[in-house]
Amino acid sequence: MQQQASVDEAIARKYPEPVVVVTTRSRDGRPNAMAVGWVAIASSDPLMFVLGIDDGAYTFELIQATRQFVVAFPEENMAAAVLHVGSHHGRGRDKLAECGLAQEPASRVAAPLLADAVANFECELVDVYRPGDCPLVVGKVVAAHVNRDSARRRLYTVAPGHVLKGVRPIE
Ligand SMILES: Cc1cc2nc3c(=O)[nH]c(=O)nc-3n(C[C@H](O)[C@H](O)[C@H](O)COP(=O)(O)O)c2cc1C
């Protein structure tokens, strides 16, 4: 049975929420990464992701400048690093090095893959939409990679306030 509630109370029940790491690389070659919980598939053929990325994120500036990025699905042992890249702006610093996130070169875009992620998707920007207060970035997947260790479990946000914990995907 349902009881009417405020939108804030109801949306607090949405967890677990996926979390991805979006990596980018500036035109002068510096990598950056941010955590993004607002992520969904926007198209299956071709595969596209839609990401809600704040205007103020350095990542948003880099995506607009380069039209490229990587969507990495972090594994549960990456929780501390995901919190780090999700809590600091990257302009003028190297967040990936600060939290020891290992990188691998991508094949089609300049942004790095995350070596320990469950999967990485190289994306090219399709467009940015603004239906509300958050820009929606749509990226077309141009290459995909999976971790050789298929037992790795994906990281999720399990409670408000960016509480992160791995849960086993349904098999
Ligand atoms: C678990 C988690 C989820 C987040 N989800 C989003 C999101 O969906 N959209 C967003 O704009 N910021 C989100 N953030 C905040 C950004 O990751 C944060 O503002 C980051 O510092 C931006 O980095 P940048 O300025 O280097 O791009 C999230 C942070 C965490 C820890």
# chains A, B, ... in the order shown; residues from 1 in each chain; ligands from 1
>>> residues_near_ligand(ligand="ligand 1", cutoff="9 Å", atoms="only C-alpha atoms and all ligand atoms", output="number ranges by chain")
A: 17-24, 32-39, 51-62, 79, 82-91, 93, 95, 134-135, 156-157, 161-164
>>> closest_atom_pairs(of="range 4-86 of chain A", to="range 111-114 of chain A", cutoff="7 Å", atoms="only C-alpha atoms", output="CSV")
residue,atom,partner,partner_atom,distance
A:Thr23,CA,A:Ala111,CA,5.8
A:Thr24,CA,A:Ala111,CA,4.4
A:Arg25,CA,A:Ala111,CA,4.8
A:Pro31,CA,A:Ala111,CA,6.6
A:Phe69,CA,A:Ala111,CA,5.6
A:Val70,CA,A:Ala111,CA,6.1
A:Ala72,CA,A:Leu114,CA,6.5
>>> write_last_selection(atoms="N, CA, C and O atoms", output="mmCIF file, in the first residue's frame")
data_model
loop_
_atom_site.group_PDB
_atom_site.id
_atom_site.type_symbol
_atom_site.label_atom_id
_atom_site.label_comp_id
_atom_site.auth_asym_id
_atom_site.auth_seq_id
_atom_site.Cartn_x
_atom_site.Cartn_y
_atom_site.Cartn_z
ATOM 1 N N THR A 23 35.970 9.193 -17.800
ATOM 2 C CA THR A 23 37.317 9.732 -17.984
ATOM 3 C C THR A 23 37.360 10.586 -19.242
ATOM 4 O O THR A 23 36.606 10.372 -20.201
ATOM 5 N N THR A 24 38.280 11.552 -19.206
ATOM 6 C CA THR A 24 38.463 12.489 -20.320
ATOM 7 C C THR A 24 39.957 12.780 -20.420
ATOM 8 O O THR A 24 40.737 12.398 -19.528
ATOM 9 N N ARG A 25 40.346 13.449 -21.484
ATOM 10 C CA ARG A 25 41.733 13.913 -21.584
ATOM 11 C C ARG A 25 41.715 15.286 -22.250
ATOM 12 O O ARG A 25 41.083 15.469 -23.299
ATOM 13 N N PRO A 31 44.872 13.600 -18.252
ATOM 14 C CA PRO A 31 43.640 12.845 -18.011
ATOM 15 C C PRO A 31 42.866 13.398 -16.815
ATOM 16 O O PRO A 31 43.450 13.997 -15.905
ATOM 17 N N PHE A 69 34.980 10.755 -24.577
ATOM 18 C CA PHE A 69 35.115 10.364 -23.168
ATOM 19 C C PHE A 69 35.008 8.853 -23.075
ATOM 20 O O PHE A 69 34.675 8.169 -24.063
ATOM 21 N N VAL A 70 35.317 8.330 -21.887
ATOM 22 C CA VAL A 70 35.170 6.900 -21.615
ATOM 23 C C VAL A 70 34.225 6.741 -20.429
ATOM 24 O O VAL A 70 34.320 7.483 -19.437
ATOM 25 N N ALA A 72 33.496 4.137 -17.635
ATOM 26 C CA ALA A 72 34.055 2.949 -16.986
ATOM 27 C C ALA A 72 33.120 2.508 -15.865
ATOM 28 O O ALA A 72 32.651 3.346 -15.081
#
>>> residues_around(residues="Arg152 in chain A", least_positions_apart="4", cutoff="9 Å", atoms="only C-alpha atoms", output="PyMOL selection string")
chain A and resi 75-77+116-118+147+168
>>> atom_distance(atom1="CA of Gln103 in chain A", atom2="CA of Arg27 in chain A")
17.6 Å
>>> select_by_dssp(residues="range 48-117 of chain A", states="strand (DSSP E)", output="NGL selection string")
:A and (48-52 or 68-73 or 103-104 or 113-114)
>>> write_last_selection(atoms="N, CA, C and O atoms", output="mmCIF file, in the first residue's frame")
data_model
loop_
_atom_site.group_PDB
_atom_site.id
_atom_site.type_symbol
_atom_site.label_atom_id
_atom_site.label_comp_id
_atom_site.auth_asym_id
_atom_site.auth_seq_id
_atom_site.Cartn_x
_atom_site.Cartn_y
_atom_site.Cartn_z
ATOM 1 N N MET A 48 24.282 3.774 -26.934
ATOM 2 C CA MET A 48 24.569 5.140 -26.456
ATOM 3 C C MET A 48 24.275 5.205 -24.972
ATOM 4 O O MET A 48 23.343 4.559 -24.489
ATOM 5 N N PHE A 49 25.061 6.019 -24.269
ATOM 6 C CA PHE A 49 24.798 6.326 -22.866
ATOM 7 C C PHE A 49 24.314 7.762 -22.758
ATOM 8 O O PHE A 49 24.713 8.626 -23.551
ATOM 9 N N VAL A 50 23.473 7.997 -21.756
ATOM 10 C CA VAL A 50 23.127 9.375 -21.394
ATOM 11 C C VAL A 50 23.582 9.586 -19.958
ATOM 12 O O VAL A 50 23.340 8.752 -19.075
ATOM 13 N N LEU A 51 24.290 10.691 -19.752
ATOM 14 C CA LEU A 51 24.895 11.004 -18.451
ATOM 15 C C LEU A 51 24.443 12.392 -18.025
ATOM 16 O O LEU A 51 24.501 13.334 -18.835
ATOM 17 N N GLY A 52 24.033 12.534 -16.782
ATOM 18 C CA GLY A 52 23.746 13.855 -16.233
ATOM 19 C C GLY A 52 25.016 14.412 -15.633
ATOM 20 O O GLY A 52 25.508 13.892 -14.629
ATOM 21 N N GLN A 68 34.897 13.628 -26.754
ATOM 22 C CA GLN A 68 35.248 12.232 -26.474
ATOM 23 C C GLN A 68 35.260 11.999 -24.970
ATOM 24 O O GLN A 68 35.602 12.898 -24.203
ATOM 25 N N PHE A 69 34.980 10.755 -24.577
ATOM 26 C CA PHE A 69 35.115 10.364 -23.168
ATOM 27 C C PHE A 69 35.008 8.853 -23.075
ATOM 28 O O PHE A 69 34.675 8.169 -24.063
ATOM 29 N N VAL A 70 35.317 8.330 -21.887
ATOM 30 C CA VAL A 70 35.170 6.900 -21.615
ATOM 31 C C VAL A 70 34.225 6.741 -20.429
ATOM 32 O O VAL A 70 34.320 7.483 -19.437
ATOM 33 N N VAL A 71 33.295 5.788 -20.536
ATOM 34 C CA VAL A 71 32.429 5.405 -19.418
ATOM 35 C C VAL A 71 32.974 4.090 -18.862
ATOM 36 O O VAL A 71 32.946 3.057 -19.549
ATOM 37 N N ALA A 72 33.496 4.137 -17.635
ATOM 38 C CA ALA A 72 34.055 2.949 -16.986
ATOM 39 C C ALA A 72 33.120 2.508 -15.865
ATOM 40 O O ALA A 72 32.651 3.346 -15.081
ATOM 41 N N PHE A 73 32.851 1.196 -15.799
ATOM 42 C CA PHE A 73 32.036 0.640 -14.717
ATOM 43 C C PHE A 73 32.999 0.136 -13.643
ATOM 44 O O PHE A 73 33.635 -0.906 -13.837
ATOM 45 N N GLN A 103 45.648 3.136 -15.481
ATOM 46 C CA GLN A 103 45.068 3.473 -16.778
ATOM 47 C C GLN A 103 45.630 2.580 -17.881
ATOM 48 O O GLN A 103 46.744 2.089 -17.771
ATOM 49 N N GLU A 104 44.835 2.415 -18.936
ATOM 50 C CA GLU A 104 45.301 1.758 -20.151
ATOM 51 C C GLU A 104 44.857 2.622 -21.325
ATOM 52 O O GLU A 104 43.835 3.313 -21.240
ATOM 53 N N LEU A 113 41.268 4.276 -20.507
ATOM 54 C CA LEU A 113 40.467 3.221 -19.881
ATOM 55 C C LEU A 113 40.936 3.078 -18.444
ATOM 56 O O LEU A 113 42.096 3.368 -18.127
ATOM 57 N N LEU A 114 40.076 2.588 -17.557
ATOM 58 C CA LEU A 114 40.476 2.257 -16.191
ATOM 59 C C LEU A 114 40.752 0.755 -16.137
ATOM 60 O O LEU A 114 39.851 -0.075 -16.368
#
>>> closest_residue(among="A:Ala115, A:Gln64, A:Asp28, A:Lys14", to="Val138 in chain A", atoms="only C-alpha atoms")
A:Gln64
